[in-house]
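Below is one structure, written out as structure tokens; comments come after it.
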Amino acid sequence: MSTRALSRRNFLALSGTAAASLVAVACVAPEVAPAAGEGEPMMETIELNHWGFSGPIWEAIWEAIPDTYPNLKVNPTEIGDIVFGDQKYLTAVAAGTGPDTALQGRHTFLQFAAKGLYYDVTDQFDASDLNRDDYTPVQLNETVWEGKMYGLPWDTDVRFLYWNKDHFAEVGLDPDQPPTTWAELEAYTDKLNIRDGDEVVRYGFVPYLYGNSWMWLWAFQAGAPSLSDDKRTVLCDDQIWIDTLQWLVDFYDNYVGDFESANSFQQGLQSAGLGLPFVAGKTSMSATGSWHVGDLLRSPGVDYGTAPAPIPAGGIKSTWSCGFSIIMAPGSEHPEEAFQVMRWFTGTPGWDALATADVAEAKRTWEREQLEGDPKFWPRLACYLPALEHLEKTYLPELGEIENSTWALSLDALRNWTHGCGSVMGLAALQYWVEMDNAARNALSKKMTPEEAMLNCKTLVQDATDQAWEAIDNA
């Protein structure tokens, strides 16, 4: 194995978790059920309903499950919006008509697990040959409520800085040296901005809504707390949050300009079919997610680098991760088979099926968009470490130096300096997510001061948190 390659031992040791024995993917406990032999009676086919993403990729995935479990057939259905609360799922479970399995966003996972909206799979997990050490620790912990497991983590991501090396060289900056502090980020942005009179030609950097950083990235870099250890007290009124939002407001005032004008600039690019500002060369730096490499592989003209996002004076290297987990709905008539689907989907066979479908889609995209060269594939980050190792060994050798270094950066972040979105928002996670965004928008558009915005966020989210806990305490 190369020095870059992931191993479960290295991953867990570096994350401060007890080391697990390194076992090659081919040697892990079998994930494939034996097929029926000749002369044996045919197994009854059991059909399970799964709610998740839709489209050719996902249909291809579920068509592959009989290769592992010949007696299972999965009927996939589009679940709808699972980032902002998944009302379709909540309504169905309340009516007793929920699916057997479903994907769920991790930032609201504990909020819904605490309300009994997911089936407790602890006993099934403990009775299986699965091992807790075979999962990324942060994401596995986000499936646990009061010591019980309510799902299996599927995918994840991390956020960091991308910069355009050609733009750096153009203004006399070292193309191999990104900014490492907020002060440097400001100075670099000032140099990289291009305007034609009052017209923006290119932004050096836009710290909010361009990319995928939100308030969370910058406040975590500054060391801001979000929730008390007992998950009952919201801490967004801490002075660090207020100071961070003030920094964002000052950044706009000094280097970006009007908040709404910057948003209109981005929307105009997308309306014109130019795509994301960084890919289109209309911004020189972007703080966004690991998945963005896939966008850049389809735009080979962008010479870019990646690094941890800059930090403030006295700050700490930080990022945050989110993603999805798969759960079993209460009331499934086939809990054993539903758990088989969950472990298949999150395990190496499921990830292999997804990668195969993703590669086929990349080929179709290259042909449709008439892109030059061979189709390139950037793997998603699996939470199941043997699957993550398998994806690395299979697909990273086909990519270039920047993709390999970015993969290593992503793994380093997962090991050592990420915050899980499901760990930092508590039992009013949906409200916390929405009100944090509202606070930033209100301050950046000058409707509130940063202090007023964060105190308003505190009031609204604390009230929702108190109500959630009152329901649990009185149950």
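Residue numbers start at 1 in each chain; chains themselves are named A, B, ... in the order of the structure tokens; ligands are numbered from 1 in the order shown.
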key: Shell of 9 Å around Leu430 of chain A, only C-alpha atoms, local chain residues under 2 positions omitted, as a PyMOL selection string   = chain A and resi 83-85+107-108+111+425+427-428+432-435
Proximity check segment 358-467 of chain A to segment 291-297 of chain A, 7 Å, nearest pairs one decimal Å, only C-alpha atoms, as a Markdown table:
```
| residue | atom | partner | partner_atom | distance |
| --- | --- | --- | --- | --- |
| A:Lys376 | CA | A:Leu297 | CA | 6.3 |
| A:Phe377 | CA | A:Gly294 | CA | 6.9 |
| A:Trp378 | CA | A:Gly294 | CA | 5.4 |
| A:Arg380 | CA | A:Trp291 | CA | 7.0 |
```
What would the file look like if the residues just selected were written as an mmCIF file, in the first residue's frame with C-alpha atoms?
```
data_model
loop_
_atom_site.group_PDB
_atom_site.id
_atom_site.type_symbol
_atom_site.label_atom_id
_atom_site.label_comp_id
_atom_site.auth_asym_id
_atom_site.auth_seq_id
_atom_site.Cartn_x
_atom_site.Cartn_y
_atom_site.Cartn_z
ATOM 1 C CA LYS A 376 -12.651 11.267 -15.119
ATOM 2 C CA PHE A 377 -14.298 10.004 -11.940
ATOM 3 C CA TRP A 378 -13.925 11.462 -8.440
ATOM 4 C CA ARG A 380 -17.478 10.115 -2.991
#
```
key: Polymer residues at most 6 Å from Thr122 of chain A, only C-alpha atoms, same-chain spacing of 2 or more positions, as an MDAnalysis selection string   = chainID A and resid 120 124:125 148:149
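Considering the residues A:Phe345, A:Phe205, A:Tyr188, A:Phe259 and counting only C-alpha atoms, Phe278 of chain A has its shortest atom-to-atom contact with A:Phe205.
Shortest atom-to-atom contact with Pro207 of chain A among A:Thr77, A:Ser284, A:Ser290, A:Asn164: A:Ser284, counting only C-alpha atoms.
Put simply, atom CA of Glu333 of chain A is 13.0 Å away from atom CA of His50 of chain A.
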request  = Would you please give, as a ChimeraX atom specification, all residues of segment 178-384 of chain A that DSSP assigns to alpha helix (DSSP H) based on the backbone?
outcome  = /A:182-192,214-221,239-251,259-271,292-297,335-346,348-368
ask   = Excluding same-chain residues fewer than 6 positions from Glu184 of chain A, what lies within 12 Å of it counting only C-alpha atoms, as a ChimeraX atom specification?
value = /A:173,177-178,190-191,205,309-313
Could you dump the residues just selected with all heavy atoms as a PDB file, in the first residue's frame?
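Output contents, as saved in part03.pdb:
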```
ATOM      1  N   LEU A 173       1.097  36.853  -7.098  1.00  0.00           N
ATOM      2  CA  LEU A 173       1.091  35.988  -5.917  1.00  0.00           C
ATOM      3  C   LEU A 173       1.710  34.650  -6.275  1.00  0.00           C
ATOM      4  O   LEU A 173       1.605  34.182  -7.418  1.00  0.00           O
ATOM      5  CB  LEU A 173      -0.338  35.773  -5.417  1.00  0.00           C
ATOM      6  CG  LEU A 173      -1.058  37.014  -4.859  1.00  0.00           C
ATOM      7  CD1 LEU A 173      -2.541  36.707  -4.649  1.00  0.00           C
ATOM      8  CD2 LEU A 173      -0.409  37.468  -3.544  1.00  0.00           C
ATOM      9  N   GLN A 177       1.270  29.013  -3.041  1.00  0.00           N
ATOM     10  CA  GLN A 177       1.147  29.420  -1.644  1.00  0.00           C
ATOM     11  C   GLN A 177      -0.217  30.068  -1.404  1.00  0.00           C
ATOM     12  O   GLN A 177      -0.400  31.260  -1.634  1.00  0.00           O
ATOM     13  CB  GLN A 177       2.265  30.400  -1.271  1.00  0.00           C
ATOM     14  CG  GLN A 177       3.662  29.803  -1.272  1.00  0.00           C
ATOM     15  CD  GLN A 177       3.819  28.706  -0.225  1.00  0.00           C
ATOM     16  OE1 GLN A 177       3.260  28.811   0.873  1.00  0.00           O
ATOM     17  NE2 GLN A 177       4.553  27.658  -0.555  1.00  0.00           N
ATOM     18  N   PRO A 178      -1.197  29.309  -0.933  1.00  0.00           N
ATOM     19  CA  PRO A 178      -2.514  29.889  -0.652  1.00  0.00           C
ATOM     20  C   PRO A 178      -2.476  30.707   0.640  1.00  0.00           C
ATOM     21  O   PRO A 178      -1.547  30.562   1.446  1.00  0.00           O
ATOM     22  CB  PRO A 178      -3.390  28.645  -0.475  1.00  0.00           C
ATOM     23  CG  PRO A 178      -2.447  27.627   0.096  1.00  0.00           C
ATOM     24  CD  PRO A 178      -1.138  27.869  -0.598  1.00  0.00           C
ATOM     25  N   ASP A 190      -8.074  41.354  -2.119  1.00  0.00           N
ATOM     26  CA  ASP A 190      -7.918  42.719  -2.616  1.00  0.00           C
ATOM     27  C   ASP A 190      -7.100  42.745  -3.916  1.00  0.00           C
ATOM     28  O   ASP A 190      -7.434  43.478  -4.856  1.00  0.00           O
ATOM     29  CB  ASP A 190      -7.252  43.574  -1.542  1.00  0.00           C
ATOM     30  CG  ASP A 190      -7.360  45.063  -1.840  1.00  0.00           C
ATOM     31  OD1 ASP A 190      -8.361  45.478  -2.446  1.00  0.00           O
ATOM     32  OD2 ASP A 190      -6.433  45.811  -1.480  1.00  0.00           O
ATOM     33  N   LYS A 191      -6.055  41.936  -3.982  1.00  0.00           N
ATOM     34  CA  LYS A 191      -5.225  41.884  -5.190  1.00  0.00           C
ATOM     35  C   LYS A 191      -5.944  41.206  -6.354  1.00  0.00           C
ATOM     36  O   LYS A 191      -5.747  41.562  -7.517  1.00  0.00           O
ATOM     37  CB  LYS A 191      -3.926  41.127  -4.906  1.00  0.00           C
ATOM     38  CG  LYS A 191      -2.869  41.927  -4.166  1.00  0.00           C
ATOM     39  CD  LYS A 191      -1.539  41.191  -4.201  1.00  0.00           C
ATOM     40  CE  LYS A 191      -0.423  42.073  -3.637  1.00  0.00           C
ATOM     41  NZ  LYS A 191       0.913  41.425  -3.777  1.00  0.00           N
ATOM     42  N   PHE A 205     -12.534  36.662  -3.712  1.00  0.00           N
ATOM     43  CA  PHE A 205     -13.131  35.676  -2.804  1.00  0.00           C
ATOM     44  C   PHE A 205     -14.422  36.260  -2.258  1.00  0.00           C
ATOM     45  O   PHE A 205     -14.511  37.454  -1.967  1.00  0.00           O
ATOM     46  CB  PHE A 205     -12.179  35.349  -1.656  1.00  0.00           C
ATOM     47  CG  PHE A 205     -12.702  34.312  -0.695  1.00  0.00           C
ATOM     48  CD1 PHE A 205     -12.825  32.985  -1.095  1.00  0.00           C
ATOM     49  CD2 PHE A 205     -13.079  34.650   0.597  1.00  0.00           C
ATOM     50  CE1 PHE A 205     -13.305  32.013  -0.227  1.00  0.00           C
ATOM     51  CE2 PHE A 205     -13.555  33.687   1.482  1.00  0.00           C
ATOM     52  CZ  PHE A 205     -13.670  32.373   1.062  1.00  0.00           C
ATOM     53  N   ALA A 309      -8.863  25.765   4.897  1.00  0.00           N
ATOM     54  CA  ALA A 309      -9.320  27.155   4.831  1.00  0.00           C
ATOM     55  C   ALA A 309      -8.506  28.012   5.790  1.00  0.00           C
ATOM     56  O   ALA A 309      -8.085  27.546   6.860  1.00  0.00           O
ATOM     57  CB  ALA A 309     -10.796  27.237   5.172  1.00  0.00           C
ATOM     58  N   PRO A 310      -8.256  29.274   5.430  1.00  0.00           N
ATOM     59  CA  PRO A 310      -7.486  30.165   6.310  1.00  0.00           C
ATOM     60  C   PRO A 310      -8.157  30.327   7.674  1.00  0.00           C
ATOM     61  O   PRO A 310      -9.388  30.238   7.793  1.00  0.00           O
ATOM     62  CB  PRO A 310      -7.480  31.492   5.540  1.00  0.00           C
ATOM     63  CG  PRO A 310      -7.719  31.115   4.118  1.00  0.00           C
ATOM     64  CD  PRO A 310      -8.627  29.922   4.166  1.00  0.00           C
ATOM     65  N   ILE A 311      -7.350  30.583   8.691  1.00  0.00           N
ATOM     66  CA  ILE A 311      -7.863  30.707  10.056  1.00  0.00           C
ATOM     67  C   ILE A 311      -7.532  32.093  10.613  1.00  0.00           C
ATOM     68  O   ILE A 311      -6.590  32.751  10.166  1.00  0.00           O
ATOM     69  CB  ILE A 311      -7.287  29.613  10.977  1.00  0.00           C
ATOM     70  CG1 ILE A 311      -5.759  29.738  11.100  1.00  0.00           C
ATOM     71  CG2 ILE A 311      -7.662  28.230  10.473  1.00  0.00           C
ATOM     72  CD1 ILE A 311      -5.146  28.766  12.097  1.00  0.00           C
ATOM     73  N   PRO A 312      -8.302  32.560  11.604  1.00  0.00           N
ATOM     74  CA  PRO A 312      -8.024  33.859  12.210  1.00  0.00           C
ATOM     75  C   PRO A 312      -6.832  33.776  13.162  1.00  0.00           C
ATOM     76  O   PRO A 312      -6.363  32.678  13.489  1.00  0.00           O
ATOM     77  CB  PRO A 312      -9.315  34.157  12.978  1.00  0.00           C
ATOM     78  CG  PRO A 312      -9.836  32.807  13.353  1.00  0.00           C
ATOM     79  CD  PRO A 312      -9.490  31.907  12.194  1.00  0.00           C
ATOM     80  N   ALA A 313      -6.359  34.915  13.594  1.00  0.00           N
ATOM     81  CA  ALA A 313      -5.281  34.939  14.591  1.00  0.00           C
ATOM     82  C   ALA A 313      -5.750  34.215  15.846  1.00  0.00           C
ATOM     83  O   ALA A 313      -6.831  34.486  16.379  1.00  0.00           O
ATOM     84  CB  ALA A 313      -4.914  36.384  14.916  1.00  0.00           C
TER      85      ALA A 313
END
```
